[in-house]
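A.B. asks: Next comes start26.txt, compact mmCIF, N, CA and C atoms and all ligand atoms:
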# COMPACT_ATOMS: atom_id res chain seq x y z
N MET A 217 0.81 -1.22 0.00
CA MET A 217 0.00 0.00 0.00
C MET A 217 0.84 1.27 0.00
N ARG A 218 2.12 1.16 0.40
CA ARG A 218 2.98 2.35 0.36
C ARG A 218 3.15 2.84 -1.07
N GLU A 219 3.24 1.89 -1.99
CA GLU A 219 3.40 2.24 -3.40
C GLU A 219 2.20 3.07 -3.88
N ARG A 220 1.00 2.68 -3.45
CA ARG A 220 -0.21 3.42 -3.86
C ARG A 220 -0.15 4.86 -3.35
N ALA A 221 0.23 5.01 -2.09
CA ALA A 221 0.32 6.36 -1.51
C ALA A 221 1.38 7.17 -2.24
N ALA A 222 2.47 6.51 -2.62
CA ALA A 222 3.55 7.21 -3.31
C ALA A 222 3.08 7.70 -4.68
N VAL A 223 2.33 6.87 -5.38
CA VAL A 223 1.83 7.27 -6.71
C VAL A 223 0.89 8.46 -6.57
N LEU A 224 0.00 8.40 -5.60
CA LEU A 224 -0.95 9.50 -5.40
C LEU A 224 -0.22 10.78 -4.98
N ALA A 225 0.86 10.64 -4.23
CA ALA A 225 1.63 11.81 -3.83
C ALA A 225 2.35 12.43 -5.03
N GLU A 226 2.86 11.56 -5.92
CA GLU A 226 3.57 12.05 -7.10
C GLU A 226 2.62 12.65 -8.12
N GLU A 227 1.40 12.09 -8.19
CA GLU A 227 0.43 12.55 -9.18
C GLU A 227 -0.85 12.96 -8.47
N PRO A 228 -0.85 14.17 -7.89
CA PRO A 228 -2.01 14.60 -7.09
C PRO A 228 -3.27 14.83 -7.92
N PHE A 229 -3.09 14.96 -9.25
CA PHE A 229 -4.25 15.18 -10.10
C PHE A 229 -4.42 14.03 -11.09
N CYS A 230 -5.68 13.72 -11.37
CA CYS A 230 -6.02 12.67 -12.33
C CYS A 230 -5.33 12.93 -13.67
N ARG A 231 -4.64 11.92 -14.18
CA ARG A 231 -3.87 12.10 -15.41
C ARG A 231 -4.77 12.34 -16.62
N VAL A 232 -5.89 11.62 -16.67
CA VAL A 232 -6.82 11.78 -17.80
C VAL A 232 -7.43 13.18 -17.79
N CYS A 233 -7.86 13.64 -16.62
CA CYS A 233 -8.46 14.97 -16.53
C CYS A 233 -7.43 16.06 -16.86
N LEU A 234 -6.18 15.86 -16.44
CA LEU A 234 -5.14 16.84 -16.74
C LEU A 234 -4.98 17.01 -18.24
N GLU A 235 -5.10 15.89 -18.99
CA GLU A 235 -4.97 15.96 -20.44
C GLU A 235 -6.09 16.79 -21.05
N ARG A 236 -7.19 16.91 -20.32
CA ARG A 236 -8.32 17.72 -20.78
C ARG A 236 -8.26 19.13 -20.19
N GLY A 237 -7.17 19.42 -19.49
CA GLY A 237 -7.00 20.75 -18.92
C GLY A 237 -7.70 20.94 -17.59
N LEU A 238 -8.10 19.85 -16.96
CA LEU A 238 -8.81 19.93 -15.69
C LEU A 238 -7.93 19.40 -14.56
N GLN A 239 -7.96 20.10 -13.43
CA GLN A 239 -7.22 19.61 -12.27
C GLN A 239 -8.22 18.97 -11.31
N VAL A 240 -8.28 17.65 -11.38
CA VAL A 240 -9.20 16.90 -10.52
C VAL A 240 -8.34 16.02 -9.61
N ALA A 241 -8.59 16.08 -8.32
CA ALA A 241 -7.80 15.30 -7.38
C ALA A 241 -7.87 13.80 -7.71
N SER A 242 -6.72 13.15 -7.72
CA SER A 242 -6.68 11.71 -7.99
C SER A 242 -6.99 10.94 -6.71
N ASP A 243 -7.67 9.84 -6.85
CA ASP A 243 -7.91 9.00 -5.68
C ASP A 243 -7.86 7.51 -5.98
N GLU A 244 -7.44 7.15 -7.19
CA GLU A 244 -7.28 5.74 -7.52
C GLU A 244 -5.94 5.56 -8.21
N VAL A 245 -5.27 4.42 -7.95
CA VAL A 245 -4.07 4.08 -8.70
C VAL A 245 -4.46 3.01 -9.71
N ASP A 246 -4.18 3.29 -10.96
CA ASP A 246 -4.59 2.42 -12.06
C ASP A 246 -3.37 1.83 -12.75
N HIS A 247 -3.51 0.61 -13.25
CA HIS A 247 -2.47 0.04 -14.10
C HIS A 247 -2.74 0.49 -15.53
N VAL A 248 -1.79 1.18 -16.14
CA VAL A 248 -1.96 1.67 -17.50
C VAL A 248 -2.30 0.50 -18.42
N VAL A 249 -1.48 -0.54 -18.39
CA VAL A 249 -1.79 -1.80 -19.06
C VAL A 249 -2.26 -2.76 -17.97
N PRO A 250 -3.50 -3.22 -18.03
CA PRO A 250 -4.01 -4.10 -16.96
C PRO A 250 -3.11 -5.32 -16.74
N LEU A 251 -3.01 -5.75 -15.49
CA LEU A 251 -2.19 -6.91 -15.17
C LEU A 251 -2.65 -8.13 -15.95
N ALA A 252 -3.97 -8.23 -16.15
CA ALA A 252 -4.53 -9.38 -16.87
C ALA A 252 -4.06 -9.43 -18.32
N TRP A 253 -3.62 -8.28 -18.83
CA TRP A 253 -3.16 -8.22 -20.22
C TRP A 253 -1.65 -8.15 -20.29
N GLY A 254 -0.98 -8.55 -19.23
CA GLY A 254 0.47 -8.59 -19.25
C GLY A 254 1.15 -7.34 -18.74
N GLY A 255 0.36 -6.41 -18.19
CA GLY A 255 0.96 -5.20 -17.63
C GLY A 255 1.79 -5.54 -16.41
N ARG A 256 2.81 -4.74 -16.17
CA ARG A 256 3.68 -4.99 -15.03
C ARG A 256 3.18 -4.23 -13.81
N ASP A 257 3.41 -4.83 -12.66
CA ASP A 257 3.02 -4.19 -11.41
C ASP A 257 4.17 -3.33 -10.90
N ASP A 258 4.59 -2.39 -11.73
CA ASP A 258 5.68 -1.51 -11.32
C ASP A 258 5.30 -0.05 -11.59
N ARG A 259 6.13 0.84 -11.08
CA ARG A 259 5.79 2.26 -11.13
C ARG A 259 5.50 2.81 -12.54
N PRO A 260 6.31 2.46 -13.56
CA PRO A 260 6.02 3.02 -14.89
C PRO A 260 4.64 2.63 -15.43
N ASN A 261 4.10 1.53 -14.95
CA ASN A 261 2.78 1.09 -15.43
C ASN A 261 1.65 1.57 -14.53
N LYS A 262 1.95 2.46 -13.61
CA LYS A 262 0.90 2.95 -12.71
C LYS A 262 0.64 4.42 -12.95
N GLN A 263 -0.64 4.79 -12.85
CA GLN A 263 -1.01 6.20 -12.98
C GLN A 263 -2.12 6.50 -11.98
N ALA A 264 -2.20 7.76 -11.59
CA ALA A 264 -3.24 8.18 -10.66
C ALA A 264 -4.42 8.73 -11.45
N LEU A 265 -5.62 8.29 -11.09
CA LEU A 265 -6.84 8.74 -11.74
C LEU A 265 -7.87 9.15 -10.69
N CYS A 266 -8.85 9.96 -11.12
CA CYS A 266 -9.98 10.21 -10.23
C CYS A 266 -10.93 9.02 -10.35
N THR A 267 -11.87 8.91 -9.44
CA THR A 267 -12.75 7.74 -9.44
C THR A 267 -13.56 7.61 -10.73
N PRO A 268 -14.19 8.69 -11.23
CA PRO A 268 -14.96 8.54 -12.48
C PRO A 268 -14.11 8.08 -13.66
N CYS A 269 -12.89 8.61 -13.79
CA CYS A 269 -12.02 8.18 -14.89
C CYS A 269 -11.60 6.73 -14.71
N HIS A 270 -11.33 6.35 -13.46
CA HIS A 270 -10.93 4.96 -13.20
C HIS A 270 -12.06 4.01 -13.54
N GLU A 271 -13.28 4.39 -13.17
CA GLU A 271 -14.43 3.53 -13.47
C GLU A 271 -14.67 3.44 -14.97
N ALA A 272 -14.52 4.57 -15.66
CA ALA A 272 -14.72 4.56 -17.12
C ALA A 272 -13.68 3.67 -17.80
N LYS A 273 -12.43 3.75 -17.33
CA LYS A 273 -11.37 2.94 -17.91
C LYS A 273 -11.61 1.46 -17.63
N SER A 274 -12.02 1.15 -16.38
CA SER A 274 -12.28 -0.25 -16.01
C SER A 274 -13.42 -0.81 -16.84
N LYS A 275 -14.44 0.00 -17.06
CA LYS A 275 -15.59 -0.43 -17.85
C LYS A 275 -15.16 -0.72 -19.29
N ALA A 276 -14.36 0.16 -19.85
CA ALA A 276 -13.88 -0.02 -21.22
C ALA A 276 -13.02 -1.28 -21.31
N GLU A 277 -12.23 -1.54 -20.25
CA GLU A 277 -11.36 -2.72 -20.26
C GLU A 277 -12.18 -4.00 -20.14
N ARG A 278 -13.26 -3.95 -19.35
CA ARG A 278 -14.11 -5.14 -19.25
C ARG A 278 -14.78 -5.43 -20.60
N ALA A 279 -15.22 -4.37 -21.29
CA ALA A 279 -15.84 -4.55 -22.61
C ALA A 279 -14.82 -5.12 -23.58
N GLU A 280 -13.59 -4.60 -23.51
CA GLU A 280 -12.52 -5.08 -24.38
C GLU A 280 -12.19 -6.55 -24.09
N ALA A 281 -12.20 -6.90 -22.80
CA ALA A 281 -11.90 -8.28 -22.42
C ALA A 281 -12.96 -9.23 -22.98
N ARG A 282 -14.22 -8.77 -22.94
CA ARG A 282 -15.29 -9.61 -23.51
C ARG A 282 -15.11 -9.76 -25.01
N ARG A 283 -14.70 -8.65 -25.65
CA ARG A 283 -14.53 -8.68 -27.09
C ARG A 283 -13.41 -9.64 -27.48
N ARG A 284 -12.37 -9.68 -26.65
CA ARG A 284 -11.21 -10.52 -26.96
C ARG A 284 -11.48 -11.99 -26.71
N SER A 285 -12.36 -12.30 -25.77
CA SER A 285 -12.54 -13.71 -25.38
C SER A 285 -13.57 -14.42 -26.24
ZN ZN B 1 -10.25 12.06 -14.09
Rewrite the structure from the file as structure tokens, please.
Ligand SMILES: [Zn+2]
C.D. replies:
Amino acid sequence: MRERAAVLAEEPFCRVCLERGLQVASDEVDHVVPLAWGGRDDRPNKQALCTPCHEAKSKAERAEARRRS
């Protein structure tokens, strides 16, 4: 859990929202490439997101997983 706190400390704002020019406090640590798809559980593969962005990404990944299977 220290790693999660470290990521949130390094990235206080949601990365997706920042790309849209919005500063939204991050509260979830996300794997850029999901572990199920071979993503690594290390810092370069982690990003901080706000809850709505994290849920949207998770939903898209579940849809993609269904499409692949
Ligand atoms: Zn966001």
A.B. asks: Set the distance at 8 Å and use only C-alpha atoms: which residues neighbour Val240 of chain A once local chain neighbours fewer than 2 positions away are removed? I'd like the list as a list of chain:residue names.
C.D. replies: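 My reading of the contact set: A:Phe229, A:Cys230, A:Cys233, A:Leu234, A:Leu238, A:Ser242, A:Cys266.
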A.B. asks: May I have the residues within 12 Å of ligand ZN 1 (chain B), computed using only C-alpha atoms and all ligand atoms, as a PyMOL selection string?
C.D. replies: chain A and resi 227-246+263-273
A.B. asks: So how far away is atom C of Leu224 of chain A from atom C of Ala276 of chain A, in Å?
C.D. replies: 24.0 Å
A.B. asks: Report the distance between atom N of Ala225 of chain A and atom CA of His247 of chain A in Å, rounded to one decimal place.
C.D. replies: 14.9 Å
A.B. asks: Please report the interatomic distance between atom CA of Arg284 of chain A and atom CA of Arg259 of chain A in Å with one decimal.
C.D. replies: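 Here the two named atoms are 26.5 Å from each other.
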A.B. asks: May I have all residues of chain A that DSSP, computed from the backbone, assigns to alpha helix (DSSP H), given as a ChimeraX atom specification?
C.D. replies: /A:218-226,231-235,267-284
